[in-house]
Structure formats: structure tokens, C-alpha cells
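Chemist: Structure file data.cif (mmCIF, C-alpha atoms) is given on the next line.
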```
data_query
#
loop_
_atom_site.group_PDB
_atom_site.id
_atom_site.type_symbol
_atom_site.label_atom_id
_atom_site.label_comp_id
_atom_site.auth_asym_id
_atom_site.auth_seq_id
_atom_site.Cartn_x
_atom_site.Cartn_y
_atom_site.Cartn_z
ATOM 1 C CA MET A 1 116.066 195.801 157.340
ATOM 2 C CA THR A 2 115.468 195.407 153.595
ATOM 3 C CA GLY A 3 115.309 198.304 151.149
ATOM 4 C CA ASP A 4 111.551 197.790 150.787
ATOM 5 C CA SER A 5 111.077 197.865 154.568
ATOM 6 C CA ARG A 6 113.097 201.082 154.953
ATOM 7 C CA ARG A 7 111.197 202.713 152.129
ATOM 8 C CA GLU A 8 107.799 201.783 153.572
ATOM 9 C CA ARG A 9 108.866 203.016 157.038
ATOM 10 C CA ARG A 10 110.011 206.319 155.547
ATOM 11 C CA ARG A 11 106.762 206.737 153.652
ATOM 12 C CA ALA A 12 104.741 205.969 156.795
ATOM 13 C CA LEU A 13 106.659 208.644 158.730
ATOM 14 C CA LEU A 14 106.011 211.168 155.983
ATOM 15 C CA ARG A 15 102.302 210.363 156.045
ATOM 16 C CA ASP A 16 102.204 211.025 159.802
ATOM 17 C CA ASP A 17 104.190 214.294 159.639
ATOM 18 C CA LEU A 18 102.643 216.671 157.099
ATOM 19 C CA ALA A 19 105.326 219.335 157.622
ATOM 20 C CA GLU A 20 108.090 216.817 156.963
ATOM 21 C CA ALA A 21 106.217 215.492 153.926
ATOM 22 C CA GLU A 22 105.992 218.995 152.459
ATOM 23 C CA ARG A 23 109.696 219.605 153.147
ATOM 24 C CA ALA A 24 110.609 216.317 151.440
ATOM 25 C CA ALA A 25 108.407 217.160 148.443
ATOM 26 C CA ARG A 26 110.091 220.565 148.048
ATOM 27 C CA LEU A 27 113.535 218.983 148.288
ATOM 28 C CA LEU A 28 112.712 216.350 145.681
ATOM 29 C CA ASP A 29 111.329 219.038 143.389
ATOM 30 C CA GLN A 30 114.482 221.141 143.775
ATOM 31 C CA LEU A 31 116.662 218.128 143.025
ATOM 32 C CA GLY A 32 114.596 217.324 139.953
ATOM 33 C CA THR A 33 113.906 213.781 141.134
ATOM 34 C CA GLU A 34 111.053 211.847 142.673
ATOM 35 C CA ASP A 35 110.414 209.054 145.158
ATOM 36 C CA ARG A 36 110.701 205.987 142.945
ATOM 37 C CA ASP A 37 111.060 202.328 143.716
ATOM 38 C CA ASP A 38 113.962 200.135 142.652
ATOM 39 C CA GLU A 39 112.127 198.627 139.678
ATOM 40 C CA GLU A 40 111.306 202.063 138.236
ATOM 41 C CA ILE A 41 114.941 203.126 138.591
ATOM 42 C CA GLU A 42 116.107 199.885 136.964
ATOM 43 C CA ALA A 43 113.684 200.454 134.075
ATOM 44 C CA ASP A 44 115.197 203.898 133.453
ATOM 45 C CA HIS A 45 118.712 202.452 133.562
ATOM 46 C CA ARG A 46 117.788 199.777 131.020
ATOM 47 C CA ALA A 47 116.245 202.349 128.680
ATOM 48 C CA SER A 48 119.401 204.472 128.941
ATOM 49 C CA ARG A 49 121.653 201.484 128.221
ATOM 50 C CA LEU A 50 119.597 200.539 125.185
ATOM 51 C CA ALA A 51 119.650 204.100 123.833
ATOM 52 C CA ALA A 52 123.431 204.228 124.251
ATOM 53 C CA ALA A 53 123.921 200.830 122.604
ATOM 54 C CA ARG A 54 121.794 201.844 119.614
ATOM 55 C CA GLU A 55 124.090 204.791 118.965
ATOM 56 C CA TYR A 56 126.574 202.185 117.732
ATOM 57 C CA ALA A 57 124.282 199.280 116.768
ATOM 58 C CA PRO A 58 120.799 200.430 115.705
ATOM 59 C CA ASP A 59 119.414 196.888 116.040
ATOM 60 C CA ALA A 60 120.718 196.326 119.578
ATOM 61 C CA ARG A 61 118.346 194.601 121.995
ATOM 62 C CA LEU A 62 118.385 194.031 125.751
ATOM 63 C CA ASP A 63 118.213 190.693 127.531
ATOM 64 C CA GLU A 64 114.660 189.877 128.597
ATOM 65 C CA GLU A 65 114.014 189.342 132.295
ATOM 66 C CA LEU A 66 111.045 188.352 134.430
ATOM 67 C CA ARG A 67 110.980 189.288 138.119
ATOM 68 C CA LEU A 68 108.492 187.728 140.486
ATOM 69 C CA ARG A 69 108.287 189.534 143.817
ATOM 70 C CA LEU A 70 106.717 187.471 146.614
ATOM 71 C CA THR A 71 105.519 189.367 149.674
ATOM 72 C CA GLY A 72 103.976 187.943 152.796
ATOM 73 C CA PRO A 73 104.592 187.084 156.454
ATOM 74 C CA ASP A 74 107.574 184.831 155.717
ATOM 75 C CA THR A 75 109.339 186.671 152.894
ATOM 76 C CA ASP A 76 111.467 189.223 154.781
ATOM 77 C CA GLY A 77 114.528 186.976 154.590
ATOM 78 C CA GLY A 78 114.621 187.229 150.801
ATOM 79 C CA ALA A 79 114.744 183.434 150.386
ATOM 80 C CA LEU A 80 112.635 181.124 148.235
ATOM 81 C CA ARG A 81 111.247 178.187 150.199
ATOM 82 C CA PHE A 82 111.234 174.905 148.292
ATOM 83 C CA GLN A 83 107.505 174.425 148.847
ATOM 84 C CA TRP A 84 106.802 177.847 147.324
ATOM 85 C CA GLY A 85 108.906 177.014 144.298
ATOM 86 C CA ASP A 86 107.210 173.653 143.782
ATOM 87 C CA ALA A 87 103.759 175.214 144.022
ATOM 88 C CA LEU A 88 104.382 178.411 142.034
ATOM 89 C CA LEU A 89 107.129 178.281 139.433
ATOM 90 C CA GLN A 90 105.718 175.643 137.091
ATOM 91 C CA PRO A 91 102.171 177.131 137.247
ATOM 92 C CA VAL A 92 103.642 180.568 136.451
ATOM 93 C CA GLU A 93 105.473 179.135 133.430
ATOM 94 C CA HIS A 94 102.245 177.442 132.303
ATOM 95 C CA MET A 95 100.318 180.685 132.799
ATOM 96 C CA VAL A 96 102.787 182.588 130.584
ATOM 97 C CA SER A 97 102.620 179.841 127.940
ATOM 98 C CA VAL A 98 98.824 179.925 127.799
ATOM 99 C CA ALA A 99 98.889 183.716 127.532
ATOM 100 C CA ALA A 100 101.461 183.512 124.717
ATOM 101 C CA GLY A 101 99.532 180.829 122.849
ATOM 102 C CA THR A 102 102.686 178.732 122.541
ATOM 103 C CA PRO A 103 104.983 176.900 124.992
ATOM 104 C CA VAL A 104 107.350 179.265 126.809
ATOM 105 C CA GLN A 105 110.172 177.834 128.902
ATOM 106 C CA LEU A 106 111.559 179.920 131.759
ATOM 107 C CA GLU A 107 114.708 179.364 133.765
ATOM 108 C CA LEU A 108 115.701 180.647 137.188
ATOM 109 C CA THR A 109 118.682 183.005 137.187
ATOM 110 C CA GLY A 110 118.733 184.176 140.794
ATOM 111 C CA ILE A 111 117.001 185.065 144.059
ATOM 112 C CA SER A 112 117.385 188.424 145.780
ATOM 113 C CA ALA A 113 116.067 190.233 148.836
ATOM 114 C CA GLY A 114 113.497 192.994 148.996
ATOM 115 C CA SER A 115 110.863 190.517 150.154
ATOM 116 C CA THR A 116 111.636 187.473 147.973
ATOM 117 C CA VAL A 117 112.464 188.377 144.372
ATOM 118 C CA VAL A 118 112.756 185.569 141.834
ATOM 119 C CA HIS A 119 114.751 186.430 138.706
ATOM 120 C CA ALA A 120 114.000 184.407 135.575
ATOM 121 C CA ARG A 121 114.396 184.628 131.815
ATOM 122 C CA PRO A 122 113.063 182.823 128.747
ATOM 123 C CA VAL A 123 115.100 179.797 127.732
ATOM 124 C CA THR A 124 117.012 180.550 124.539
ATOM 125 C CA ALA A 125 116.803 177.798 121.950
ATOM 126 C CA PRO A 126 120.123 176.522 120.506
ATOM 127 C CA GLY A 127 121.270 178.852 117.769
ATOM 128 C CA ASP A 128 119.162 181.808 118.891
ATOM 129 C CA ALA A 129 122.072 183.488 120.622
ATOM 130 C CA ASP A 130 124.056 183.497 117.359
ATOM 131 C CA SER A 131 121.248 184.876 115.175
ATOM 132 C CA GLU A 132 121.532 188.350 113.719
ATOM 133 C CA ALA A 133 119.672 191.056 115.653
ATOM 134 C CA LEU A 134 118.025 192.163 112.409
ATOM 135 C CA ASP A 135 116.400 188.743 112.108
ATOM 136 C CA ALA A 136 115.137 188.735 115.729
ATOM 137 C CA PRO A 137 111.355 188.877 116.151
ATOM 138 C CA ALA A 138 109.828 192.185 117.157
ATOM 139 C CA ALA A 139 108.421 190.521 120.282
ATOM 140 C CA SER A 140 109.281 187.135 121.744
ATOM 141 C CA ALA A 141 106.603 184.645 122.734
ATOM 142 C CA ALA A 142 107.419 185.377 126.372
ATOM 143 C CA SER A 143 106.965 189.109 125.803
ATOM 144 C CA THR A 144 103.623 188.544 124.080
ATOM 145 C CA GLY A 145 102.471 186.316 126.924
ATOM 146 C CA LEU A 146 103.636 188.671 129.677
ATOM 147 C CA GLY A 147 101.920 191.605 127.986
ATOM 148 C CA THR A 148 98.612 189.751 127.978
ATOM 149 C CA LEU A 149 99.127 188.353 131.455
ATOM 150 C CA THR A 150 99.928 191.671 133.128
ATOM 151 C CA THR A 151 96.829 193.184 131.526
ATOM 152 C CA LEU A 152 94.688 190.375 132.949
ATOM 153 C CA LEU A 153 96.203 190.733 136.433
ATOM 154 C CA ASP A 154 95.417 194.460 136.369
ATOM 155 C CA VAL A 155 91.815 193.631 135.423
ATOM 156 C CA LEU A 156 91.549 191.122 138.279
ATOM 157 C CA GLU A 157 92.919 193.608 140.796
ATOM 158 C CA SER A 158 90.359 196.208 139.662
ATOM 159 C CA GLU A 159 87.572 193.564 139.627
ATOM 160 C CA HIS A 160 86.513 194.333 136.066
ATOM 161 C CA ASP A 161 85.023 192.067 133.392
ATOM 162 C CA VAL A 162 87.477 189.259 132.553
ATOM 163 C CA ARG A 163 85.480 187.296 129.976
ATOM 164 C CA GLU A 164 87.873 188.422 127.235
ATOM 165 C CA TRP A 165 90.591 186.375 128.953
ATOM 166 C CA ALA A 166 88.497 183.294 129.789
ATOM 167 C CA ARG A 167 91.016 180.963 128.113
ATOM 168 C CA LEU A 168 93.661 182.039 130.649
ATOM 169 C CA PHE A 169 91.534 181.612 133.698
ATOM 170 C CA ASP A 170 92.368 178.005 134.619
ATOM 171 C CA ALA A 171 96.094 178.810 134.571
ATOM 172 C CA VAL A 172 95.643 182.000 136.617
ATOM 173 C CA GLU A 173 93.471 180.154 139.122
ATOM 174 C CA SER A 174 96.239 177.584 139.725
ATOM 175 C CA VAL A 175 98.677 180.347 140.608
ATOM 176 C CA SER A 176 96.048 182.101 142.745
ATOM 177 C CA ARG A 177 95.410 178.920 144.753
ATOM 178 C CA ALA A 178 99.134 178.466 145.380
ATOM 179 C CA LEU A 179 99.466 182.064 146.599
ATOM 180 C CA ASN A 180 96.492 181.617 148.920
ATOM 181 C CA ARG A 181 98.012 178.436 150.357
ATOM 182 C CA TYR A 182 101.111 180.283 151.571
ATOM 183 C CA ALA A 183 99.554 183.743 152.187
ATOM 184 C CA LEU A 184 101.687 185.336 149.476
ATOM 185 C CA ASP A 185 101.124 188.283 147.160
ATOM 186 C CA LEU A 186 102.725 188.218 143.729
ATOM 187 C CA GLY A 187 104.285 191.135 141.879
ATOM 188 C CA VAL A 188 105.189 190.584 138.215
ATOM 189 C CA THR A 189 107.691 192.811 136.402
ATOM 190 C CA TRP A 190 108.664 192.091 132.803
ATOM 191 C CA TYR A 191 111.647 193.785 131.155
ATOM 192 C CA ASP A 192 111.486 193.278 127.394
ATOM 193 C CA ALA A 193 114.181 193.456 124.743
ATOM 194 C CA GLU A 194 113.080 196.925 123.606
ATOM 195 C CA GLY A 195 113.554 198.526 127.030
ATOM 196 C CA HIS A 196 109.872 198.520 127.966
ATOM 197 C CA VAL A 197 108.587 197.444 131.375
ATOM 198 C CA ARG A 198 105.264 195.829 132.230
ATOM 199 C CA ARG A 199 104.181 195.499 135.867
ATOM 200 C CA ALA A 200 101.200 193.948 137.619
ATOM 201 C CA ARG A 201 100.246 192.393 140.938
ATOM 202 C CA LEU A 202 98.010 189.613 142.197
ATOM 203 C CA THR A 203 97.097 190.450 145.790
ATOM 204 C CA GLU A 204 94.448 189.146 148.151
ATOM 205 C CA ARG A 205 91.888 191.387 146.474
ATOM 206 C CA GLY A 206 92.549 189.895 143.046
ATOM 207 C CA ARG A 207 92.642 186.347 144.413
ATOM 208 C CA ASN A 208 89.299 186.821 146.161
ATOM 209 C CA TYR A 209 87.863 188.055 142.851
ATOM 210 C CA VAL A 210 89.202 184.916 141.133
ATOM 211 C CA ARG A 211 87.479 182.782 143.762
ATOM 212 C CA ARG A 212 84.168 184.609 143.330
ATOM 213 C CA LEU A 213 84.351 184.224 139.565
ATOM 214 C CA ARG A 214 84.808 180.487 140.030
ATOM 215 C CA GLU A 215 81.653 180.097 142.119
ATOM 216 C CA THR A 216 79.113 178.082 140.153
ATOM 217 C CA LYS A 217 75.372 177.806 139.835
ATOM 218 C CA ASP A 218 73.368 174.928 138.408
ATOM 219 C CA ARG A 219 71.430 175.134 135.173
ATOM 220 C CA ASP A 220 69.060 172.203 134.634
ATOM 221 C CA GLN A 221 67.294 171.104 131.475
ATOM 222 C CA GLU A 222 65.237 167.999 130.719
ATOM 223 C CA ILE A 223 66.184 166.235 127.469
ATOM 224 C CA ILE A 224 65.711 162.868 125.767
ATOM 225 C CA ILE A 225 68.672 160.623 124.988
ATOM 226 C CA SER A 226 68.053 157.845 122.481
ATOM 227 C CA GLY A 227 70.640 155.360 121.333
ATOM 228 C CA ARG A 228 72.404 152.080 121.911
ATOM 229 C CA ILE A 229 73.967 150.929 125.200
ATOM 230 C CA THR A 230 77.725 150.495 124.806
ATOM 231 C CA GLU A 231 78.773 150.261 128.462
ATOM 232 C CA LEU A 232 77.171 149.214 131.762
ATOM 233 C CA ARG A 233 78.463 149.593 135.324
ATOM 234 C CA GLU A 234 77.077 148.224 138.557
ATOM 235 C CA SER A 235 77.545 151.664 140.111
ATOM 236 C CA GLY A 236 74.582 152.828 138.040
ATOM 237 C CA LEU A 237 76.273 154.300 134.976
ATOM 238 C CA VAL A 238 75.120 153.609 131.409
ATOM 239 C CA LYS A 239 76.913 154.871 128.310
ATOM 240 C CA VAL A 240 74.497 155.535 125.467
ATOM 241 C CA LYS A 241 75.804 156.124 121.936
ATOM 242 C CA THR A 242 73.374 158.050 119.781
ATOM 243 C CA GLY A 243 74.444 156.799 116.345
ATOM 244 C CA THR A 244 76.350 154.136 114.451
ATOM 245 C CA ALA A 245 79.119 156.425 113.209
ATOM 246 C CA LYS A 246 82.454 156.166 114.998
ATOM 247 C CA ASP A 247 82.297 159.798 116.116
ATOM 248 C CA ALA A 248 78.601 159.752 117.099
ATOM 249 C CA PRO A 249 77.964 161.496 120.447
ATOM 250 C CA ALA A 250 77.930 159.278 123.549
ATOM 251 C CA TYR A 251 76.501 160.179 126.943
ATOM 252 C CA ASP A 252 77.200 158.850 130.447
ATOM 253 C CA VAL A 253 73.800 158.581 132.093
ATOM 254 C CA ARG A 254 73.876 158.083 135.850
ATOM 255 C CA PHE A 255 71.132 156.376 137.840
ATOM 256 C CA GLU A 256 70.769 157.879 141.318
ATOM 257 C CA GLU A 257 69.563 154.450 142.511
ATOM 258 C CA PRO A 258 71.653 151.671 140.894
ATOM 259 C CA GLU A 259 68.961 149.137 141.860
ATOM 260 C CA GLU A 260 66.599 150.788 139.408
ATOM 261 C CA LEU A 261 69.066 150.064 136.599
ATOM 262 C CA LEU A 262 69.398 146.444 137.731
ATOM 263 C CA ARG A 263 65.620 145.992 137.670
ATOM 264 C CA MET A 264 65.559 147.142 134.035
ATOM 265 C CA ARG A 265 67.969 144.302 133.122
ATOM 266 C CA PRO A 266 69.499 146.153 130.173
ATOM 267 C CA GLY A 267 72.073 144.535 127.917
ATOM 268 C CA LEU A 268 74.887 145.786 125.757
ATOM 269 C CA GLY A 269 73.572 146.785 122.358
ATOM 270 C CA ASP A 270 70.010 147.429 123.582
ATOM 271 C CA ASN A 271 68.258 150.445 122.121
ATOM 272 C CA VAL A 272 66.979 152.789 124.825
ATOM 273 C CA HIS A 273 65.094 156.066 125.095
ATOM 274 C CA PHE A 274 65.912 157.838 128.362
ATOM 275 C CA ARG A 275 64.408 160.978 129.794
ATOM 276 C CA VAL A 276 67.282 162.668 131.660
ATOM 277 C CA ARG A 277 68.146 165.801 133.602
ATOM 278 C CA PHE A 278 71.007 167.615 131.903
ATOM 279 C CA ARG A 279 72.795 169.701 134.569
ATOM 280 C CA GLN A 280 75.559 172.204 133.895
ATOM 281 C CA GLN A 281 77.516 173.997 136.577
ATOM 282 C CA LEU A 282 78.297 177.444 135.177
ATOM 283 C CA ASP A 283 80.762 179.899 136.672
ATOM 284 C CA SER A 284 80.328 183.672 136.670
ATOM 285 C CA MET A 285 81.799 183.912 133.162
ATOM 286 C CA GLY A 286 79.273 181.440 131.770
ATOM 287 C CA ILE A 287 81.858 178.658 131.401
ATOM 288 C CA ALA A 288 80.593 175.146 132.138
ATOM 289 C CA ARG A 289 82.720 173.647 134.909
ATOM 290 C CA SER A 290 80.925 170.303 134.921
ATOM 291 C CA THR A 291 78.067 168.527 133.207
ATOM 292 C CA GLU A 292 76.064 165.488 134.219
ATOM 293 C CA TYR A 293 73.161 163.434 132.895
ATOM 294 C CA THR A 294 70.814 161.873 135.457
ATOM 295 C CA TYR A 295 68.136 159.315 134.575
ATOM 296 C CA LEU A 296 64.574 160.494 135.257
ATOM 297 C CA GLY A 297 62.536 157.778 133.536
ATOM 298 C CA PRO A 298 61.780 156.090 130.213
ATOM 299 C CA ALA A 299 60.883 158.203 127.204
ATOM 300 C CA ALA A 300 57.973 157.225 124.968
ATOM 301 C CA GLU A 301 59.759 157.882 121.708
ATOM 302 C CA GLN A 302 63.063 158.936 120.254
ATOM 303 C CA THR A 303 63.653 162.675 120.140
ATOM 304 C CA SER A 304 66.629 164.502 118.686
ATOM 305 C CA LEU A 305 69.034 165.960 121.218
ATOM 306 C CA PRO A 306 69.048 169.749 121.457
ATOM 307 C CA LEU A 307 72.499 169.887 123.089
ATOM 308 C CA GLY A 308 75.962 168.567 122.401
ATOM 309 C CA PRO A 309 77.702 166.188 124.832
#
```
Could you spell out this file's structure in C-alpha cells?
Modeler:
Amino acid sequence: MTGDSRRERRRALLRDDLAEAERAARLLDQLGTEDRDDEEIEADHRASRLAAAREYAPDARLDEELRLRLTGPDTDGGALRFQWGDALLQPVEHMVSVAAGTPVQLELTGISAGSTVVHARPVTAPGDADSEALDAPAASAASTGLGTLTTLLDVLESEHDVREWARLFDAVESVSRALNRYALDLGVTWYDAEGHVRRARLTERGRNYVRRLRETKDRDQEIIISGRITELRESGLVKVKTGTAKDAPAYDVRFEEPEELLRMRPGLGDNVHFRVRFRQQLDSMGIARSTEYTYLGPAAEQTSLPLGP
């Protein structure tokens, strides 16, 4: 039985036996300790090591470490299945990079039990290991990214407003989909160089919230597109460029019935004035997930476009 399993069994027994729970609470109070998990104990040990090291070297720093704890029906063995690694590790690295605003490379340093715990660290660039501690940045890119990421995961778990982190959402959704595929929950623990610890989880509750936020609704608007045909397809697609400049907006206008386009007998370079339905699919954060332009009929005259492509 793993340490996590024993701990959960002990806690369950204490919940069922109030007298025993009170006795355990009194004993812990007398001993001056508390019921803490392994990560909390490790955090205290790291802080103590750093304090001791700084007695001799005031600029001492700890090695950074990222721990990803996977829990689910198939994680009791404390092993990382190849399919989990393929689906999760690269998306997690991408998620941290997006949160940091710069590429962050992570490398695997070990796997341990207690469900499945993946140990990783930021990749150190050549020369970094030899740099003076005084010249080291106050926070690495990985630390910046993990700070932002753990905050977002906490917000998702509490189902609060996430629009502030909209730029991260595609990356988080990729990880959420991978967790759903294998019925896994993810615990993230980040140990930074200053002895601080950041923790967060992405459980079924948070993943369901991600899915709801991704649900879209259509917003339709009728507009006029005027310009010159630069591309024609038999499938019923016409590309219309609205100006002569190289960077002039161009629109892909789709005909629901390709035969209607064929009857018009358009040619490349023809000037056209189309009345179209501009449809956006917006998610719950107001982000457009897709746009499309559908031909409704000819327009009598050219009208300026109210929207960008």
C-alpha cells in the first residue's frame, strides 16, 4: 500500500471514530506537530536547507523542481504509462511556456510512487550552471510560468472568472483533454529556487469547467463584401480581396449550393458585391473560436466593411 493510500485510510478511520479523532488531535497538539502530507514536509525541509546554506553563502539558491502527481484508477503502481507521457508531458511543457511568455524546456528526472509522481526540472542552458549566484535572475522563466499557471488552475477548480488568463486557455485545454482521456487528475507542485512552494490541482471539477467554458454560441451579422475575385473553387468557395494593396483584407465566401456559384459564371479578377452572413462562434469568454462568411445574394452597391477578417 502506498504512503498516500495509508494516509487516506487513516484519515477515513478518524472521520468514522470521533473519539479516536479527538485523541489523535490531542496527541498531535502535545507533540507540537500536525497531520501534513509529504509535499508539505518536503517544503519545510527545503526552506530549512536554504536557511542553513545562506548562513555561509547569502546568495545561495535551491535547485528548482516540478512535481506532477497523477491520480486515477490505474496510478496505484506508481508507474508512468507511455501513452500518458505522450499525451501529457509535451502539452504541460507548452502550458508552462505560454504562462511564462517565453519557451521553457523541461526534462524528466524521475518517477516515484504515491500514485504516479513525475519529477522534472527546467533545462539549464550551457553556462548557466557556472554563473555567479549574484547574477542569477530573481525568478526563472519556469518559476514565473508556474506561478501564473498554479493561480489559473486554482481559479478553474473554484469555477471563477478566467478571462484574465484567456491567452493560456488553449494550452490548458489540451492538458485537460488528455487528463479526461485517461481519467486522471493532475496535481502540480513547484519548488522554486528561493524555497517557496506553489501547489494546484486540475481535477474532474476543473476539467468540466474548462469544457463548459469552451461551449460556443453563434453570433450572426449581415454584411456586404465588395472586391475582386482572386480564387475560385468548384466546392463553392470564392476568395474576395477588398483592395489592391498587398495586405488588403481577403475573405473566403462560401456558397451553400455550389451550383449557384456555377450559374453566376464568375471569373478571376471580376469585381463583385456580395451580401453575406458573417457568423462567429464565441465561447463563454467571448473569444471567437471560428468565423465563416456565407453568400446570401448580390448586393446593389459597394459598402464598407464594418468588421475585420
Chemist: Using atom CA of Thr71 of chain A and atom CA of Thr116 of chain A as the two end points, give the distance in Å to one decimal.
Modeler: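 Rounded to one decimal, the two atoms are 6.6 Å apart.
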Chemist: One decimal, Å: what's the distance from atom CA of Glu55 of chain A over to atom CA of Gly195 of chain A, could you say?
Modeler: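 Separation between atom CA of Glu55 of chain A and atom CA of Gly195 of chain A: 14.7 Å.
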Chemist: For a quick check of understanding, using all atoms listed in the file, which of A:Glu107, A:Glu256, A:Glu164, A:Glu42 has the smallest distance to Leu296 of chain A?
Modeler: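 Checking each candidate against Leu296 of chain A, we get A:Glu256 as the closest.
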Chemist: Determine the nearest neighbour of Gly78 of chain A from the options A:Met285, A:Val276, A:Ile111, A:Ala183, counting only C-alpha atoms.
Modeler: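 Residue with the minimum atom-to-atom distance to Gly78 of chain A: A:Ile111.
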Chemist: Apply the PyMOL selection byres ((chain A and resi 218) around 9) to the structure shown and report the selected residues as number ranges by chain.
Modeler: A: 216-217, 219-220, 279-282
Chemist: Hey, what's within 8 Å of Val188 of chain A if we count all atoms listed in the file and toss same-chain stuff fewer than 5 positions away? As a list in words, please?
Modeler: Leu66, Arg67, Leu68, Arg69, Thr150, Arg198, Arg199, Ala200 and Arg201 of chain A
Chemist: Based on the selection just made, write C-alpha atoms of those residues as a PDB file, keeping the file's coordinate frame.
Modeler:
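As written to disk, out-v7.pdb reads:
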```pdb
ATOM      1  CA  LEU A  66     111.045 188.352 134.430  1.00  0.00           C
ATOM      2  CA  ARG A  67     110.980 189.288 138.119  1.00  0.00           C
ATOM      3  CA  LEU A  68     108.492 187.728 140.486  1.00  0.00           C
ATOM      4  CA  ARG A  69     108.287 189.534 143.817  1.00  0.00           C
ATOM      5  CA  THR A 150      99.928 191.671 133.128  1.00  0.00           C
ATOM      6  CA  ARG A 198     105.264 195.829 132.230  1.00  0.00           C
ATOM      7  CA  ARG A 199     104.181 195.499 135.867  1.00  0.00           C
ATOM      8  CA  ALA A 200     101.200 193.948 137.619  1.00  0.00           C
ATOM      9  CA  ARG A 201     100.246 192.393 140.938  1.00  0.00           C
TER      10      ARG A 201
END
```
Chemist: List the neighbours of segment 94-105 of chain A out to 9 Å using all atoms listed in the file; skip same-chain residues closer than 3 positions along the sequence, and give me the result as JSON, numbers by chain.
Modeler: {"A": [89, 90, 91, 121, 122, 123, 124, 141, 142, 143, 144, 145, 146, 147, 148, 149, 165, 167, 168, 169, 170, 171, 172, 174, 175]}
Chemist: Evaluate the PyMOL selection byres ((chain A and resi 299) around 6) and record the selected residues as a list of chain:residue names, following the chain and residue labels used in the document.
Modeler: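 That expression, the PyMOL selection byres ((chain A and resi 299) around 6), corresponds here to A:His273, A:Phe274, A:Arg275, A:Pro298, A:Ala300, A:Glu301.
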